[in-house]
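In what follows, a structure is listed as structure tokens, so that the remarks can point back to it.
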Amino acid sequence: MIFKRLPCSGLRKYLLLSLLLFQLAPKAIWASELPVLAEPAKRIVALAPHLVEVIYEVGAGDRLVAAVDYSNYPEAAKVLPRVGGYTGVSVEAVVRLNPDLILAWKSGNSEKHLKQLEALGFQVYYSEPKKLEDIATLMEDVSRLTASKAGAVKVAKFREELAQLKRLYKSQDKVSVFYQVWNQPLQSLNGQSIVSDVIDLCGGRNVFHNAKSIAPKLSVETVLRKNPDVIVASGMGEERPEWLDEWKQWPSLSAVKNNHLFFVPPDLIQRHSPRLLEGASILCEQLSFVRQQKAKK
């Protein structure tokens with residue numbers, strides 16, 4: 001299944017749901033609450049795309065027997081059997097596969113379906129990363145559950161790359177950022193989102209950090225009043241959305257006047273997987289460019 005060819009309506013719903021639900025769940029289940037397995041997991045069903053990516057990243061991709069819709073990375077994930085999507089999971093399909101471990105998304109999967117699977121005796125691990133560091137913790141947990149020897153190396157690499165980005169950008173002058181999730185309705189994300197954590201990492205300032213809603217719906221006038229240095233678009237695929245250029249109707253807007261209209265592929269900045277550091281690196285470089293431009297004036 002190729003990301004760019006998916007139906008726009010379904011993909012848009014999935015992206016928005018991902019952004020919303022990741023922030024709404026209660027306490028995450030981490031190492032102290034790992035399922036107790038008789039032996040390392042050999043048959044795994046992953047119920048979220050970010051979990052699929054993590055399993056492959058720590059070297060246990062050969063244990064996966066099924067995934068869900070939009071599990072499009074790495075290439076091998078595209079051919080895995082599907083047991084559901086953002087609207088729900090087929091309990092019957094999971095049961096037929098008889099996994100010894102189910103990796104679930106606490107806020108994104110149906111609580112009813114997860115309880116049914118637990119009642120049937122399946123071991124379920126719940127994922128709920130809210131910050132970049134939580135991704136490293138998730139990788140550690142999956143490594144433990146699969147006894148993956150490669151996992152420790154991957155976790156250390158992730159943490160070192162994260163630390164390096166922090167060292168590079170923590171003392172930089174702040175750049176005000178408007179992160180645009182969508183254009184109709186016009187939406188952003190507040191400070192509770194992992195995207196905002198990435199903006200902070202890069203020395204940016206989310207202009208809607210204090211919005212009451214997690215994914216506030218906005219008016220153009222509200223954005224104009226904030227007058228951000230940068231507008232970063234999301235979109236639905238790997239290509240820059242055409243609607244980003246609609247801001248050129250307001251040439252007095254700082255981001256437009258200085259041609260600071262940027263794009264980061266949503267898979268690299270909105271999906272809670274190790275690749276999020278790729279998205280962070282892109283955004284950090286964009287904000288660094290803006291600082292350099294400011295310094296020349």
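Ordered as shown in the structure tokens, chains take letters A, B, and onward, while each chain numbers its residues from 1 and ligands are numbered from 1 in the order shown.
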**All alpha helix (DSSP H) residues (DSSP, backbone) inside stretch 49-284 of chain A, as a count of residues only** = 93
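For A:Lys115, the residues within 12 Å (counting only C-alpha atoms, excluding itself and residues fewer than 3 positions away along the chain) are Val89, Val91, Ile102, Ala104, Lys106, Asn109, Ser110, Glu111, Lys112, Glu118, Ala119, Leu120, Gly121, Phe122, Gln123, Val124 and Tyr126 of chain A.
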**Message:** Using DSSP secondary structure from the backbone, list all strand (DSSP E) positions within stretch 48-199 of chain A, as a ChimeraX atom specification.
**Reply:** /A:64-66,84-85,88-89,101-105,124-127,175-180,182-183,186-187
Which residues of stretch 104-191 of chain A have any atom within 10 Å of an atom in stretch 55-67 of chain A when counting only C-alpha atoms, and what is the closest pair of atoms for each, with the distance in Å to one decimal? Order the rows by chain and rising number and write it as a Markdown table.
| residue | atom | partner | partner_atom | distance |
| --- | --- | --- | --- | --- |
| A:Leu138 | CA | A:Ile55 | CA | 9.8 |
| A:Met139 | CA | A:Val58 | CA | 6.8 |
| A:Glu140 | CA | A:Val58 | CA | 8.5 |
| A:Val142 | CA | A:Ile55 | CA | 6.8 |
| A:Ser143 | CA | A:Val58 | CA | 6.3 |
| A:Leu145 | CA | A:Ala60 | CA | 10.0 |
| A:Thr146 | CA | A:Ala60 | CA | 6.9 |
| A:Ala147 | CA | A:Ala60 | CA | 8.8 |
| A:Ser148 | CA | A:Gly59 | CA | 6.4 |
| A:Lys149 | CA | A:Gly59 | CA | 8.0 |
| A:Ala150 | CA | A:Val58 | CA | 5.8 |
| A:Gly151 | CA | A:Val58 | CA | 4.2 |
| A:Ala152 | CA | A:Val58 | CA | 7.8 |
| A:Val153 | CA | A:Val58 | CA | 8.3 |
| A:Lys154 | CA | A:Val58 | CA | 6.2 |
| A:Val155 | CA | A:Val58 | CA | 8.0 |
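Ranking A:Leu244, A:Val83, A:Ala48, A:Leu218 by their shortest atom-to-atom distance to A:Ser107, with only C-alpha atoms included, puts A:Ala48 first.
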